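Text of the file protein01.pdb, holding PDB, C-alpha atoms:
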ATOM      1  CA  ILE A   1     173.675  87.823  97.014
ATOM      2  CA  THR A   2     174.135  91.002  98.969
ATOM      3  CA  GLY A   3     172.441  92.470 102.005
ATOM      4  CA  THR A   4     171.198  90.933 105.197
ATOM      5  CA  VAL A   5     168.999  87.874 105.051
ATOM      6  CA  ALA A   6     166.231  87.843 107.650
ATOM      7  CA  PRO A   7     166.366  84.850 109.986
ATOM      8  CA  ARG A   8     163.958  82.106 108.967
ATOM      9  CA  PHE A   9     162.434  79.078 110.631
ATOM     10  CA  THR A  10     164.109  75.890 109.430
ATOM     11  CA  GLY A  11     164.576  72.398 110.789
ATOM     12  CA  THR A  12     162.595  69.914 112.843
ATOM     13  CA  TYR A  13     162.773  69.582 116.625
ATOM     14  CA  THR A  14     161.077  67.292 119.117
ATOM     15  CA  MET A  15     160.243  68.801 122.487
ATOM     16  CA  LYS A  16     158.270  67.654 125.518
ATOM     17  CA  VAL A  17     155.196  69.307 126.990
ATOM     18  CA  ASP A  18     154.323  68.652 130.625
ATOM     19  CA  ALA A  19     150.908  68.290 132.286
ATOM     20  CA  LYS A  20     150.777  72.059 132.913
ATOM     21  CA  GLY A  21     151.370  72.824 129.227
ATOM     22  CA  ARG A  22     154.943  74.065 129.629
ATOM     23  CA  MET A  23     157.394  73.458 126.814
ATOM     24  CA  SER A  24     160.701  74.833 125.657
ATOM     25  CA  VAL A  25     160.694  76.461 122.235
ATOM     26  CA  PRO A  26     163.723  75.318 120.205
ATOM     27  CA  ALA A  27     166.603  77.784 120.584
ATOM     28  CA  ALA A  28     166.887  78.271 116.818
ATOM     29  CA  PHE A  29     163.209  79.296 116.668
ATOM     30  CA  ARG A  30     163.603  81.618 119.672
ATOM     31  CA  ARG A  31     166.403  83.456 117.863
ATOM     32  CA  VAL A  32     164.148  84.037 114.834
ATOM     33  CA  LEU A  33     161.307  85.269 117.052
ATOM     34  CA  GLU A  34     163.642  87.643 118.888
ATOM     35  CA  ALA A  35     165.144  89.000 115.655
ATOM     36  CA  ASN A  36     161.694  89.813 114.281
ATOM     37  CA  ASP A  37     160.013  91.265 117.361
ATOM     38  CA  ASP A  38     160.786  94.973 117.644
ATOM     39  CA  ALA A  39     157.870  95.528 120.044
ATOM     40  CA  SER A  40     159.413  93.306 122.732
ATOM     41  CA  ALA A  41     162.952  94.647 122.385
ATOM     42  CA  GLY A  42     164.581  94.833 125.797
ATOM     43  CA  GLU A  43     161.847  92.744 127.426
ATOM     44  CA  ASP A  44     162.267  89.298 128.968
ATOM     45  CA  PHE A  45     160.041  87.681 126.352
ATOM     46  CA  SER A  46     159.340  87.404 122.646
ATOM     47  CA  ALA A  47     155.807  87.760 121.340
ATOM     48  CA  MET A  48     154.289  85.633 118.601
ATOM     49  CA  GLN A  49     150.928  84.938 117.012
ATOM     50  CA  VAL A  50     149.568  81.410 117.210
ATOM     51  CA  ILE A  51     146.939  80.469 114.630
ATOM     52  CA  VAL A  52     144.394  77.835 115.575
ATOM     53  CA  GLY A  53     141.662  76.597 113.302
ATOM     54  CA  PRO A  54     139.935  73.719 111.573
ATOM     55  CA  HIS A  55     141.939  74.362 108.392
ATOM     56  CA  LEU A  56     145.153  73.361 110.200
ATOM     57  CA  ARG A  57     144.130  69.778 111.045
ATOM     58  CA  ASN A  58     145.694  69.149 114.466
ATOM     59  CA  CYS A  59     148.451  71.688 113.935
ATOM     60  CA  LEU A  60     149.257  75.132 115.283
ATOM     61  CA  GLN A  61     150.956  77.740 113.106
ATOM     62  CA  VAL A  62     153.224  80.210 114.895
ATOM     63  CA  TYR A  63     154.265  83.483 113.240
ATOM     64  CA  HIS A  64     156.718  86.076 114.471
ATOM     65  CA  MET A  65     155.112  89.480 114.774
ATOM     66  CA  ALA A  66     156.596  90.934 111.565
ATOM     67  CA  ALA A  67     155.357  88.012 109.439
ATOM     68  CA  TYR A  68     151.906  88.196 111.014
ATOM     69  CA  ASP A  69     151.780  91.951 110.351
ATOM     70  CA  ASP A  70     152.586  91.225 106.675
ATOM     71  CA  ILE A  71     149.653  88.799 106.557
ATOM     72  CA  LEU A  72     147.329  91.426 108.035
ATOM     73  CA  ASP A  73     148.587  94.031 105.542
ATOM     74  CA  ASN A  74     147.707  91.644 102.697
ATOM     75  CA  ALA A  75     144.319  90.879 104.264
ATOM     76  CA  GLU A  76     143.472  94.579 104.122
ATOM     77  CA  LEU A  77     143.800  94.380 100.325
ATOM     78  CA  LEU A  78     140.735  92.122 100.210
ATOM     79  CA  PRO A  79     137.555  94.168  99.692
ATOM     80  CA  ARG A  80     135.578  94.756 102.884
ATOM     81  CA  GLY A  81     132.401  92.778 103.243
ATOM     82  CA  THR A  82     133.339  90.082 100.743
ATOM     83  CA  PRO A  83     132.927  86.429 101.646
ATOM     84  CA  GLU A  84     136.646  85.872 100.932
ATOM     85  CA  ARG A  85     137.733  88.516 103.413
ATOM     86  CA  LYS A  86     135.347  87.238 106.067
ATOM     87  CA  ARG A  87     136.567  83.650 105.630
ATOM     88  CA  PHE A  88     140.186  84.771 105.716
ATOM     89  CA  GLU A  89     139.598  86.787 108.875
ATOM     90  CA  ASP A  90     137.807  83.819 110.473
ATOM     91  CA  LEU A  91     140.822  81.613 109.762
ATOM     92  CA  PHE A  92     143.732  83.981 110.463
ATOM     93  CA  VAL A  93     142.482  86.842 112.608
ATOM     94  CA  VAL A  94     139.653  85.575 114.797
ATOM     95  CA  SER A  95     141.579  82.393 115.631
ATOM     96  CA  ALA A  96     144.890  84.165 116.403
ATOM     97  CA  ILE A  97     146.231  84.127 119.941
ATOM     98  CA  GLU A  98     149.169  86.295 120.976
ATOM     99  CA  MET A  99     151.525  84.339 123.190
ATOM    100  CA  LYS A 100     154.866  85.102 124.785
ATOM    101  CA  ILE A 101     157.993  83.080 125.447
ATOM    102  CA  ASP A 102     159.379  83.717 128.914
ATOM    103  CA  LYS A 103     162.992  84.589 129.733
ATOM    104  CA  ASP A 104     163.773  80.867 130.160
ATOM    105  CA  GLY A 105     162.653  80.120 126.590
ATOM    106  CA  ARG A 106     159.449  78.424 127.641
ATOM    107  CA  LEU A 107     155.935  78.750 126.391
ATOM    108  CA  VAL A 108     152.846  77.739 128.333
ATOM    109  CA  MET A 109     150.291  76.315 125.941
ATOM    110  CA  PRO A 110     146.695  76.663 127.165
ATOM    111  CA  ALA A 111     144.750  73.445 127.725
ATOM    112  CA  ARG A 112     142.321  74.201 124.892
ATOM    113  CA  LEU A 113     145.172  74.310 122.371
ATOM    114  CA  ARG A 114     146.617  71.071 123.688
ATOM    115  CA  GLU A 115     143.183  69.465 123.556
ATOM    116  CA  LYS A 116     142.773  70.612 119.941
ATOM    117  CA  MET A 117     145.993  68.804 119.114
ATOM    118  CA  GLY A 118     145.011  65.747 121.132
ATOM    119  CA  LEU A 119     147.987  66.194 123.438
ATOM    120  CA  LEU A 120     147.737  66.894 127.134
ATOM    121  CA  GLU A 121     151.370  65.941 127.723
ATOM    122  CA  GLY A 122     154.092  64.134 125.805
ATOM    123  CA  GLU A 123     156.113  64.907 122.694
ATOM    124  CA  LEU A 124     155.554  67.709 120.214
ATOM    125  CA  THR A 125     157.293  68.248 116.900
ATOM    126  CA  PHE A 126     158.237  71.775 115.832
ATOM    127  CA  THR A 127     158.814  72.174 112.073
ATOM    128  CA  GLY A 128     160.231  75.271 110.410
ATOM    129  CA  ARG A 129     158.254  76.658 107.457
ATOM    130  CA  VAL A 130     160.420  79.682 106.483
ATOM    131  CA  ASP A 131     158.195  82.548 107.788
ATOM    132  CA  HIS A 132     156.464  80.509 110.519
ATOM    133  CA  PHE A 133     156.723  77.218 112.343
ATOM    134  CA  GLU A 134     154.222  74.513 113.072
ATOM    135  CA  ILE A 135     153.623  72.528 116.236
ATOM    136  CA  ARG A 136     152.061  69.065 116.090
ATOM    137  CA  ALA A 137     151.811  66.034 118.286
ATOM    138  CA  SER A 138     154.762  63.851 117.245
ATOM    139  CA  GLU A 139     152.400  61.073 116.081
ATOM    140  CA  THR A 140     150.635  63.542 113.772
ATOM    141  CA  HIS A 141     153.994  64.684 112.406
ATOM    142  CA  GLU A 142     154.879  61.084 111.549
ATOM    143  CA  ALA A 143     151.681  60.831 109.472
ATOM    144  CA  VAL A 144     152.598  64.068 107.643
ATOM    145  CA  GLU A 145     156.044  62.641 106.859
ATOM    146  CA  ALA A 146     154.490  59.405 105.559
ATOM    147  CA  ASP A 147     152.225  61.430 103.251
ATOM    148  CA  LEU A 148     155.224  63.401 101.948
ATOM    149  CA  ASN A 149     157.161  60.194 101.282
ATOM    150  CA  GLU A 150     154.206  58.743  99.366
ATOM    151  CA  TRP A 151     154.018  61.905  97.253
ATOM    152  CA  LEU A 152     157.781  61.825  96.609
ATOM    153  CA  ASP A 153     157.577  58.193  95.480
ATOM    154  CA  ALA A 154     154.971  59.228  92.894
ATOM    155  CA  GLN A 155     157.268  61.959  91.497
ATOM    156  CA  GLY A 156     159.855  59.585  90.053
ATOM    157  CA  GLU A 157     163.546  59.067  90.725
ATOM    158  CA  ASP A 158     164.777  62.119  88.799
ATOM    159  CA  PHE A 159     162.477  64.593  90.591
ATOM    160  CA  ASP A 160     164.239  67.784  91.742
ATOM    161  CA  PRO A 161     162.342  69.643  94.489
ATOM    162  CA  LEU A 162     163.891  72.939  93.352
ATOM    163  CA  THR A 163     161.599  72.765  90.307
ATOM    164  CA  LEU A 164     158.719  73.610  92.682
ATOM    165  CA  LEU A 165     160.082  77.147  93.076
ATOM    166  CA  PRO A 166     158.901  79.862  90.692
ATOM    167  CA  PRO A 167     161.610  81.268  88.406
ATOM    168  CA  ARG A 168     163.235  84.471  89.583
ATOM    169  CA  THR A 169     162.825  87.529  87.447
ATOM    170  CA  VAL A 170     165.903  89.397  86.272
ATOM    171  CA  GLY A 171     167.081  91.861  88.880
ATOM    172  CA  ALA A 172     165.055  90.294  91.701
ATOM    173  CA  PRO A 173     166.888  89.716  94.981
TER     174      PRO A 173
END
Step by step, read the file and then write its structure as structure tokens.
Amino acid sequence: ITGTVAPRFTGTYTMKVDAKGRMSVPAAFRRVLEANDDASAGEDFSAMQVIVGPHLRNCLQVYHMAAYDDILDNAELLPRGTPERKRFEDLFVVSAIEMKIDKDGRLVMPARLREKMGLLEGELTFTGRVDHFEIRASETHEAVEADLNEWLDAQGEDFDPLTLLPPRTVGAP
């Protein structure tokens, strides 16, 4: 493999949020945000888009600006005025909130987002999802892990998760 690989969100981190909604974003995630945020270059913060909505079930999705711009570019391919485009916009555009991480690596999560997650203070789990990361109350994350383990048990002992990936075409990077 040649060329530069863009930084991606990977791993799972547990962080605390205080009563004022302040939390530290994991350093590994901050590096990805910084690497993909040309608009904030030289500033004391990194910008990101936080997606909130009923489709996320007690979870927030956080995209760096370049990934969110890619999503919007794809959304523009949907024909105007169609129900699909309107639904997509309701879920990914209307519900998006631009937030910034301060120079100390902290994010202040508004009370309405914390209420949506059922967490006014305590532990949050940050999980990397390649082009974005998710934030959940740690108890909710434990339920997601239990569901994954149940699914894995149903796959059989010889299951290889790499079989979930589509085959690469010849000459593709």
Subject >> Residue members of the PyMOL selection byres ((chain A and resi 100) around 8) in the file shown, as a PyMOL selection string >> reply: chain A and resi 45-48+98-99+101-102+107
**OP:** Report the distance between CA of Ile71 in chain A and CA of Glu145 in chain A in Å, rounded to one decimal place.
**Re:**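 Pair CA of Ile71 in chain A / CA of Glu145 in chain A returns 26.9 Å.
Interatomic distance, CA of Ala67 in chain A against CA of His132 in chain A: 7.7 Å.
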Original post:
With distances taken over all atoms listed in the file, which of A:Leu124, A:Ala6, A:Leu77, A:Met15 is nearest to Arg31 in chain A?
Top reply: A:Ala6
**OP:** May I have the residues within 10 Å of Asp131 in chain A as a PyMOL selection string, using only C-alpha atoms and disregarding those fewer than 2 positions away in the same chain?
**Re:** chain A and resi 6-10+32+62-64+66-68+128-129+133
